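Asks: mmCIF, C-alpha atoms and all ligand atoms, file entry-v2.cif:
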data_protein
loop_
_atom_site.group_PDB
_atom_site.id
_atom_site.type_symbol
_atom_site.label_atom_id
_atom_site.label_comp_id
_atom_site.auth_asym_id
_atom_site.auth_seq_id
_atom_site.Cartn_x
_atom_site.Cartn_y
_atom_site.Cartn_z
ATOM 1 C CA MET Q 13 8.791 10.389 13.686
ATOM 2 C CA ASN Q 14 9.353 8.084 10.708
ATOM 3 C CA ILE Q 15 9.682 9.973 7.424
ATOM 4 C CA ARG Q 16 8.632 8.145 4.272
ATOM 5 C CA LEU Q 17 10.724 9.303 1.333
ATOM 6 C CA ASN Q 18 10.167 9.422 -2.398
ATOM 7 C CA GLN Q 19 11.869 6.340 -3.885
ATOM 8 C CA ASN Q 20 13.802 8.828 -6.043
ATOM 9 C CA ASP Q 21 15.406 10.444 -3.037
ATOM 10 C CA PRO Q 22 19.181 9.817 -3.124
ATOM 11 C CA SER Q 23 19.187 9.456 0.655
ATOM 12 C CA PHE Q 24 16.830 6.460 0.575
ATOM 13 C CA ASP Q 25 18.676 3.371 1.827
ATOM 14 C CA TRP Q 26 17.826 0.746 -0.791
ATOM 15 C CA ALA Q 27 20.385 -1.739 0.492
ATOM 16 C CA SER Q 28 18.718 -1.923 3.912
ATOM 17 C CA PHE Q 29 15.236 -2.032 2.417
ATOM 18 C CA ILE Q 30 16.146 -4.919 0.103
ATOM 19 C CA ASP Q 31 18.044 -6.724 2.849
ATOM 20 C CA ALA Q 32 15.069 -6.446 5.213
ATOM 21 C CA ILE Q 33 12.764 -7.944 2.562
ATOM 22 C CA ASP Q 34 15.293 -10.704 1.924
ATOM 23 C CA LYS Q 35 15.349 -11.548 5.612
ATOM 24 C CA MET Q 36 11.530 -11.618 5.748
ATOM 25 C CA HIS Q 37 11.682 -14.391 3.148
ATOM 26 C CA GLY Q 38 13.841 -16.523 5.442
ATOM 27 C CA MET Q 39 12.816 -19.738 7.188
ATOM 28 C CA ASN Q 40 13.471 -19.476 10.932
ATOM 29 C CA ILE Q 41 12.338 -15.926 11.488
ATOM 30 C CA PRO Q 42 9.748 -14.182 13.663
ATOM 31 C CA ALA Q 43 6.183 -13.836 12.335
ATOM 32 C CA PRO Q 44 4.780 -12.233 10.323
ATOM 33 C CA ARG Q 45 6.915 -13.429 7.443
ATOM 34 C CA TYR Q 46 6.763 -11.895 3.971
ATOM 35 C CA ARG Q 47 4.427 -14.638 2.781
ATOM 36 C CA ASP Q 48 2.016 -13.935 5.659
ATOM 37 C CA PHE Q 49 1.472 -10.433 4.279
ATOM 38 C CA VAL Q 50 0.802 -11.866 0.815
ATOM 39 C CA LYS Q 51 -1.588 -14.445 2.284
ATOM 40 C CA VAL Q 52 -3.708 -11.937 4.155
ATOM 41 C CA HIS Q 53 -4.077 -9.821 1.012
ATOM 42 C CA VAL Q 54 -5.111 -12.889 -1.010
ATOM 43 C CA LYS Q 55 -7.641 -13.701 1.705
ATOM 44 C CA ALA Q 56 -9.060 -10.177 1.588
ATOM 45 C CA MET Q 57 -9.874 -10.751 -2.087
ATOM 46 C CA SER Q 58 -11.538 -14.159 -1.876
ATOM 47 C CA GLY Q 59 -14.385 -15.957 -0.124
ATOM 48 C CA ALA Q 60 -15.326 -14.717 3.348
ATOM 49 C CA GLY Q 61 -12.469 -12.201 3.294
ATOM 50 C CA MET Q 62 -14.432 -10.180 0.756
ATOM 51 C CA SER Q 63 -16.735 -9.152 3.622
ATOM 52 C CA TRP Q 64 -13.789 -7.210 5.130
ATOM 53 C CA LEU Q 65 -14.583 -4.660 2.384
ATOM 54 C CA VAL Q 66 -10.954 -3.980 1.574
ATOM 55 C CA HIS Q 67 -11.493 -3.619 -2.192
ATOM 56 C CA THR Q 68 -14.454 -2.856 -4.410
ATOM 57 C CA MET Q 69 -15.258 -6.231 -5.966
ATOM 58 C CA ASN Q 70 -17.952 -8.060 -7.813
ATOM 59 C CA MET Q 71 -19.060 -11.007 -5.695
ATOM 60 C CA GLY Q 72 -21.349 -13.164 -7.797
ATOM 61 C CA GLY Q 73 -23.120 -10.130 -9.248
ATOM 62 C CA ASN Q 74 -23.151 -8.226 -5.933
ATOM 63 C CA ILE Q 75 -20.877 -5.194 -5.857
ATOM 64 C CA MET Q 76 -18.983 -5.112 -2.575
ATOM 65 C CA ASN Q 77 -17.874 -1.546 -1.855
ATOM 66 C CA GLY Q 78 -14.312 -1.218 -0.636
ATOM 67 C CA ILE Q 79 -15.319 1.048 2.231
ATOM 68 C CA ASN Q 80 -12.149 0.087 4.155
ATOM 69 C CA PHE Q 81 -9.793 0.378 1.194
ATOM 70 C CA LEU Q 82 -7.727 3.312 2.462
ATOM 71 C CA SER Q 83 -7.849 2.508 6.191
ATOM 72 C CA TRP Q 84 -7.067 -1.181 5.740
ATOM 73 C CA HIS Q 85 -4.115 -0.574 3.437
ATOM 74 C CA ARG Q 86 -2.758 2.164 5.735
ATOM 75 C CA TRP Q 87 -2.608 -0.300 8.643
ATOM 76 C CA PHE Q 88 -1.312 -3.087 6.373
ATOM 77 C CA LEU Q 89 1.610 -0.916 5.248
ATOM 78 C CA PHE Q 90 2.238 0.274 8.779
ATOM 79 C CA GLN Q 91 2.501 -3.337 9.994
ATOM 80 C CA PHE Q 92 4.807 -4.220 7.102
ATOM 81 C CA GLU Q 93 7.013 -1.217 7.832
ATOM 82 C CA ARG Q 94 7.208 -2.210 11.502
ATOM 83 C CA ARG Q 95 8.232 -5.700 10.461
ATOM 84 C CA LEU Q 96 10.982 -4.337 8.197
ATOM 85 C CA GLN Q 97 12.147 -2.285 11.170
ATOM 86 C CA LEU Q 98 12.700 -5.460 13.185
ATOM 87 C CA VAL Q 99 15.531 -6.082 10.717
ATOM 88 C CA HIS Q 100 16.664 -2.485 10.104
ATOM 89 C CA PRO Q 101 15.177 -0.105 12.698
ATOM 90 C CA GLU Q 102 15.799 3.029 10.623
ATOM 91 C CA ILE Q 103 14.077 1.845 7.432
ATOM 92 C CA THR Q 104 10.806 3.439 6.267
ATOM 93 C CA LEU Q 105 8.640 2.636 3.253
ATOM 94 C CA PRO Q 106 9.485 4.622 0.126
ATOM 95 C CA TYR Q 107 6.656 5.841 -2.104
ATOM 96 C CA TRP Q 108 6.479 5.692 -5.884
ATOM 97 C CA ASP Q 109 4.906 8.801 -7.388
ATOM 98 C CA THR Q 110 3.661 7.239 -10.623
ATOM 99 C CA ILE Q 111 2.649 10.595 -12.093
ATOM 100 C CA THR Q 112 6.181 12.022 -12.031
ATOM 101 C CA ASP Q 113 8.078 8.722 -12.352
ATOM 102 C CA ARG Q 114 6.849 6.871 -15.420
ATOM 103 C CA SER Q 115 9.437 4.103 -15.208
ATOM 104 C CA LEU Q 116 10.006 1.301 -12.716
ATOM 105 C CA PRO Q 117 12.169 2.133 -9.685
ATOM 106 C CA VAL Q 118 15.615 0.953 -10.812
ATOM 107 C CA PRO Q 119 16.749 -0.917 -7.647
ATOM 108 C CA LEU Q 120 13.625 -3.090 -7.885
ATOM 109 C CA GLN Q 121 14.326 -4.121 -11.458
ATOM 110 C CA ASP Q 122 17.253 -6.357 -10.600
ATOM 111 C CA LYS Q 123 16.571 -9.709 -12.290
ATOM 112 C CA ALA Q 124 18.306 -11.831 -9.653
ATOM 113 C CA LEU Q 125 16.282 -10.152 -6.947
ATOM 114 C CA LEU Q 126 12.978 -10.670 -8.737
ATOM 115 C CA LYS Q 127 13.834 -14.296 -9.332
ATOM 116 C CA ARG Q 128 14.727 -14.820 -5.683
ATOM 117 C CA TRP Q 129 11.439 -13.292 -4.573
ATOM 118 C CA GLY Q 130 9.418 -15.096 -7.267
ATOM 119 C CA VAL Q 131 8.110 -11.872 -8.800
ATOM 120 C CA ILE Q 132 6.419 -11.895 -12.224
ATOM 121 C CA ARG Q 133 5.742 -8.664 -14.152
ATOM 122 C CA ARG Q 134 4.242 -7.626 -17.474
ATOM 123 C CA TRP Q 135 5.213 -3.985 -17.485
ATOM 124 C CA ASP Q 136 3.242 -1.701 -19.775
ATOM 125 C CA PRO Q 137 3.836 1.985 -18.947
ATOM 126 C CA GLU Q 138 1.024 2.955 -21.324
ATOM 127 C CA LEU Q 139 -1.427 1.715 -18.687
ATOM 128 C CA LEU Q 140 -0.149 4.059 -15.962
ATOM 129 C CA PRO Q 141 -2.701 6.545 -14.617
ATOM 130 C CA THR Q 142 -2.647 10.131 -15.836
ATOM 131 C CA SER Q 143 -2.581 13.314 -13.804
ATOM 132 C CA ALA Q 144 -6.245 13.723 -14.851
ATOM 133 C CA ASP Q 145 -7.028 10.478 -12.973
ATOM 134 C CA LEU Q 146 -5.395 11.920 -9.865
ATOM 135 C CA GLN Q 147 -7.095 15.298 -10.220
ATOM 136 C CA ALA Q 148 -10.442 13.551 -10.577
ATOM 137 C CA ALA Q 149 -9.967 12.010 -7.130
ATOM 138 C CA ASN Q 150 -8.395 15.058 -5.474
ATOM 139 C CA GLY Q 151 -11.249 17.260 -6.650
ATOM 140 C CA ILE Q 152 -13.823 15.267 -4.668
ATOM 141 C CA ASP Q 153 -14.946 16.563 -1.291
ATOM 142 C CA SER Q 154 -16.719 13.538 0.194
ATOM 143 C CA PHE Q 155 -14.536 10.831 1.726
ATOM 144 C CA GLN Q 156 -16.673 8.046 0.312
ATOM 145 C CA PHE Q 157 -16.388 9.235 -3.295
ATOM 146 C CA PHE Q 158 -12.786 10.355 -2.974
ATOM 147 C CA GLN Q 159 -11.850 6.862 -1.815
ATOM 148 C CA LYS Q 160 -13.848 5.159 -4.540
ATOM 149 C CA THR Q 161 -12.397 7.328 -7.294
ATOM 150 C CA LEU Q 162 -8.827 6.934 -6.054
ATOM 151 C CA GLU Q 163 -9.225 3.164 -5.778
ATOM 152 C CA GLY Q 164 -10.583 2.871 -9.302
ATOM 153 C CA ALA Q 165 -8.716 4.568 -12.126
ATOM 154 C CA PHE Q 166 -5.666 5.832 -10.260
ATOM 155 C CA HIS Q 167 -4.883 2.892 -7.970
ATOM 156 C CA GLY Q 168 -6.049 0.132 -10.326
ATOM 157 C CA SER Q 169 -4.078 1.417 -13.311
ATOM 158 C CA VAL Q 170 -0.738 1.092 -11.530
ATOM 159 C CA HIS Q 171 -1.517 -2.529 -10.631
ATOM 160 C CA ASN Q 172 -2.350 -3.204 -14.281
ATOM 161 C CA ALA Q 173 0.644 -1.299 -15.661
ATOM 162 C CA VAL Q 174 3.100 -3.344 -13.601
ATOM 163 C CA GLY Q 175 1.113 -6.479 -14.439
ATOM 164 C CA GLY Q 176 1.910 -10.071 -13.454
ATOM 165 C CA ASP Q 177 1.656 -10.512 -9.685
ATOM 166 C CA MET Q 178 0.676 -6.873 -9.224
ATOM 167 C CA ALA Q 179 -2.445 -7.405 -11.334
ATOM 168 C CA GLY Q 180 -3.877 -10.099 -9.034
ATOM 169 C CA PRO Q 181 -4.732 -10.966 -5.411
ATOM 170 C CA SER Q 182 -1.109 -11.848 -4.575
ATOM 171 C CA SER Q 183 0.064 -8.353 -5.567
ATOM 172 C CA PRO Q 184 2.172 -7.844 -2.391
ATOM 173 C CA THR Q 185 4.505 -10.549 -3.789
ATOM 174 C CA ASP Q 186 5.977 -7.672 -5.795
ATOM 175 C CA PRO Q 187 7.600 -5.095 -3.454
ATOM 176 C CA LEU Q 188 6.313 -2.397 -5.817
ATOM 177 C CA PHE Q 189 3.002 -3.017 -4.040
ATOM 178 C CA TRP Q 190 4.347 -1.253 -0.926
ATOM 179 C CA LEU Q 191 5.738 1.679 -2.914
ATOM 180 C CA HIS Q 192 2.511 2.120 -4.852
ATOM 181 C CA HIS Q 193 0.304 1.882 -1.773
ATOM 182 C CA ALA Q 194 2.559 4.263 0.159
ATOM 183 C CA ASN Q 195 1.839 6.733 -2.637
ATOM 184 C CA ILE Q 196 -1.905 6.089 -2.332
ATOM 185 C CA ASP Q 197 -1.606 6.605 1.430
ATOM 186 C CA ARG Q 198 0.343 9.846 0.844
ATOM 187 C CA ILE Q 199 -2.330 11.137 -1.542
ATOM 188 C CA TRP Q 200 -4.993 10.355 1.072
ATOM 189 C CA SER Q 201 -3.067 12.029 3.895
ATOM 190 C CA ASN Q 202 -2.588 15.162 1.732
ATOM 191 C CA TRP Q 203 -6.313 15.181 0.949
ATOM 192 C CA GLN Q 204 -7.103 14.744 4.664
ATOM 193 C CA GLN Q 205 -5.280 17.963 5.472
ATOM 194 C CA THR Q 206 -7.748 19.981 3.425
ATOM 195 C CA HIS Q 207 -10.799 17.850 4.352
ATOM 196 C CA LYS Q 208 -10.502 17.549 8.103
ATOM 197 C CA ASN Q 209 -14.158 16.713 8.658
ATOM 198 C CA GLN Q 210 -14.342 14.073 5.948
ATOM 199 C CA LYS Q 211 -13.983 10.638 7.505
ATOM 200 C CA PRO Q 212 -15.219 7.094 6.914
ATOM 201 C CA GLN Q 213 -18.720 6.468 8.298
ATOM 202 C CA ASN Q 214 -17.732 3.274 10.134
ATOM 203 C CA LEU Q 215 -15.112 4.718 12.492
ATOM 204 C CA ASN Q 216 -15.967 2.242 15.272
ATOM 205 C CA GLU Q 217 -15.664 -0.827 13.112
ATOM 206 C CA LYS Q 218 -12.644 -3.082 13.617
ATOM 207 C CA LEU Q 219 -10.542 -3.912 10.581
ATOM 208 C CA LYS Q 220 -10.156 -7.619 9.844
ATOM 209 C CA PRO Q 221 -8.582 -10.095 10.308
ATOM 210 C CA ASN Q 222 -7.987 -9.816 14.044
ATOM 211 C CA SER Q 223 -4.538 -11.359 13.867
ATOM 212 C CA LEU Q 224 -2.754 -8.599 11.927
ATOM 213 C CA PHE Q 225 -5.500 -5.957 12.239
ATOM 214 C CA GLY Q 226 -8.216 -5.822 14.923
ATOM 215 C CA VAL Q 227 -7.840 -2.044 15.237
ATOM 216 C CA THR Q 228 -10.689 0.413 14.695
ATOM 217 C CA VAL Q 229 -11.020 2.441 11.522
ATOM 218 C CA GLU Q 230 -10.786 5.545 13.700
ATOM 219 C CA SER Q 231 -7.369 4.597 15.063
ATOM 220 C CA VAL Q 232 -5.748 4.804 11.617
ATOM 221 C CA GLN Q 233 -7.115 8.175 10.523
ATOM 222 C CA ASP Q 234 -4.134 10.276 11.597
ATOM 223 C CA ILE Q 235 -0.678 9.308 10.330
ATOM 224 C CA LEU Q 236 1.074 11.561 12.854
ATOM 225 C CA THR Q 237 -0.571 9.554 15.640
ATOM 226 C CA LEU Q 238 0.805 6.422 13.997
ATOM 227 C CA GLY Q 239 4.216 8.062 14.097
ATOM 228 C CA TYR Q 240 5.058 8.755 10.479
ATOM 229 C CA LYS Q 241 4.719 11.362 7.772
ATOM 230 C CA TYR Q 242 5.661 11.941 4.150
ATOM 231 C CA ASP Q 243 8.609 14.084 3.105
HETATM 232 CU CU CU T 1 -3.581 -1.991 -4.488
#
Show me the file's structure as structure tokens.

Replies:
Amino acid sequence: MNIRLNQNDPSFDWASFIDAIDKMHGMNIPAPRYRDFVKVHVKAMSGAGMSWLVHTMNMGGNIMNGINFLSWHRWFLFQFERRLQLVHPEITLPYWDTITDRSLPVPLQDKALLKRWGVIRRWDPELLPTSADLQAANGIDSFQFFQKTLEGAFHGSVHNAVGGDMAGPSSPTDPLFWLHHANIDRIWSNWQQTHKNQKPQNLNEKLKPNSLFGVTVESVQDILTLGYKYD
């Protein structure tokens, strides 16, 4: 079982995590490379990719509901974590609890690192979500509305607070993307434990694209089946 730790946890191995990301930016390396993960996220937010329903978006006046928001990102993170593990088998994704930690995770503030990875930020902690935003989502009993509420104020505010790359389609450029979405995934898995019968309505649908996804919505509902849990 892979245990995902709070990024604050002193036992989290930052050196291996950073090294694995560095190696995913290399040239002659196995696919998917770091940039492939960024590309697929960009694609999910533009043109035909918007029909994958990964985010709630306004497409020429039509509101596309992000009905696959939580399931898609769960599998996306899981694939990224697996890829990191090709470099360092014992690494797991850390999560950033933005309600308790109102500042940027220190190891990911290193200027040389951000330059090497081409990360741009416009950090404004005032934009971080509040515990009221989280409670608003956690207090909802239907999966559909829980997901929508969590995606909106809580999830969106962290993207905007970090700013720069995080505020746009290429948000996975910034490794904070993985820490933030691990937290979203953790919040969902906690909610699932008290809402066992609340599931997406399209369980038989396959997540897109087929190359990195191609799995059914149903197959990502249980994190223990995927082989991980949160601390
Ligand atoms: Cu996001």

Asks: Under the rule that all atoms listed in the file are counted, which of Q:Asp113, Q:Glu163, Q:Asp21, Q:Asp186 is the nearest residue to ligand CU 1 (chain T)?

Replies: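 Among the listed residues, the smallest separation from ligand CU 1 (chain T) belongs to Q:Glu163.
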
Asks: Can you work out which one of Q:Leu89, Q:Ile30, Q:Leu120, Q:Val232 has the shortest atom-to-atom distance to ligand CU 1 (chain T), counting all atoms listed in the file?

Replies: Q:Leu89

Asks: Ligand CU 1 (chain T): which residues are within 12 Å, counting all atoms listed in the file? Reply as a PyMOL selection string.

Replies: chain Q and resi 53-54+56-57+66-68+78+81-82+84-86+88-89+162-175+177-197

Asks: Pick out the residues sitting within 7 Å of Leu65 of chain Q, and hand them over as number ranges by chain; count only C-alpha atoms, and ignore anything fewer than 2 positions along from it in its own chain.

Replies: Q: 62-63, 67, 76-80

Asks: Translate the PyMOL selection byres (((chain Q and resi 94-98) around 12) and not hetatm), as applied to the file shown, into an explicit residue set as a PyMOL selection string.

Replies: chain Q and resi 14+28-37+41-46+48-49+87-93+99-105+190+224+238-240

Asks: Within 12 Å of segment 143-150 of chain Q, which residues of segment 40-124 of chain Q show up? Give each one with its shortest atom-to-atom distance in Å (one decimal) and the two atoms involved, counting only C-alpha atoms, rows by chain then rising residue number, as a Markdown table.

Replies:
| residue | atom | partner | partner_atom | distance |
| --- | --- | --- | --- | --- |
| Q:Asp109 | CA | Q:Ser143 | CA | 10.8 |
| Q:Thr110 | CA | Q:Ser143 | CA | 9.3 |
| Q:Ile111 | CA | Q:Ser143 | CA | 6.1 |
| Q:Thr112 | CA | Q:Ser143 | CA | 9.0 |
| Q:Asp113 | CA | Q:Ser143 | CA | 11.7 |
| Q:Arg114 | CA | Q:Ser143 | CA | 11.5 |
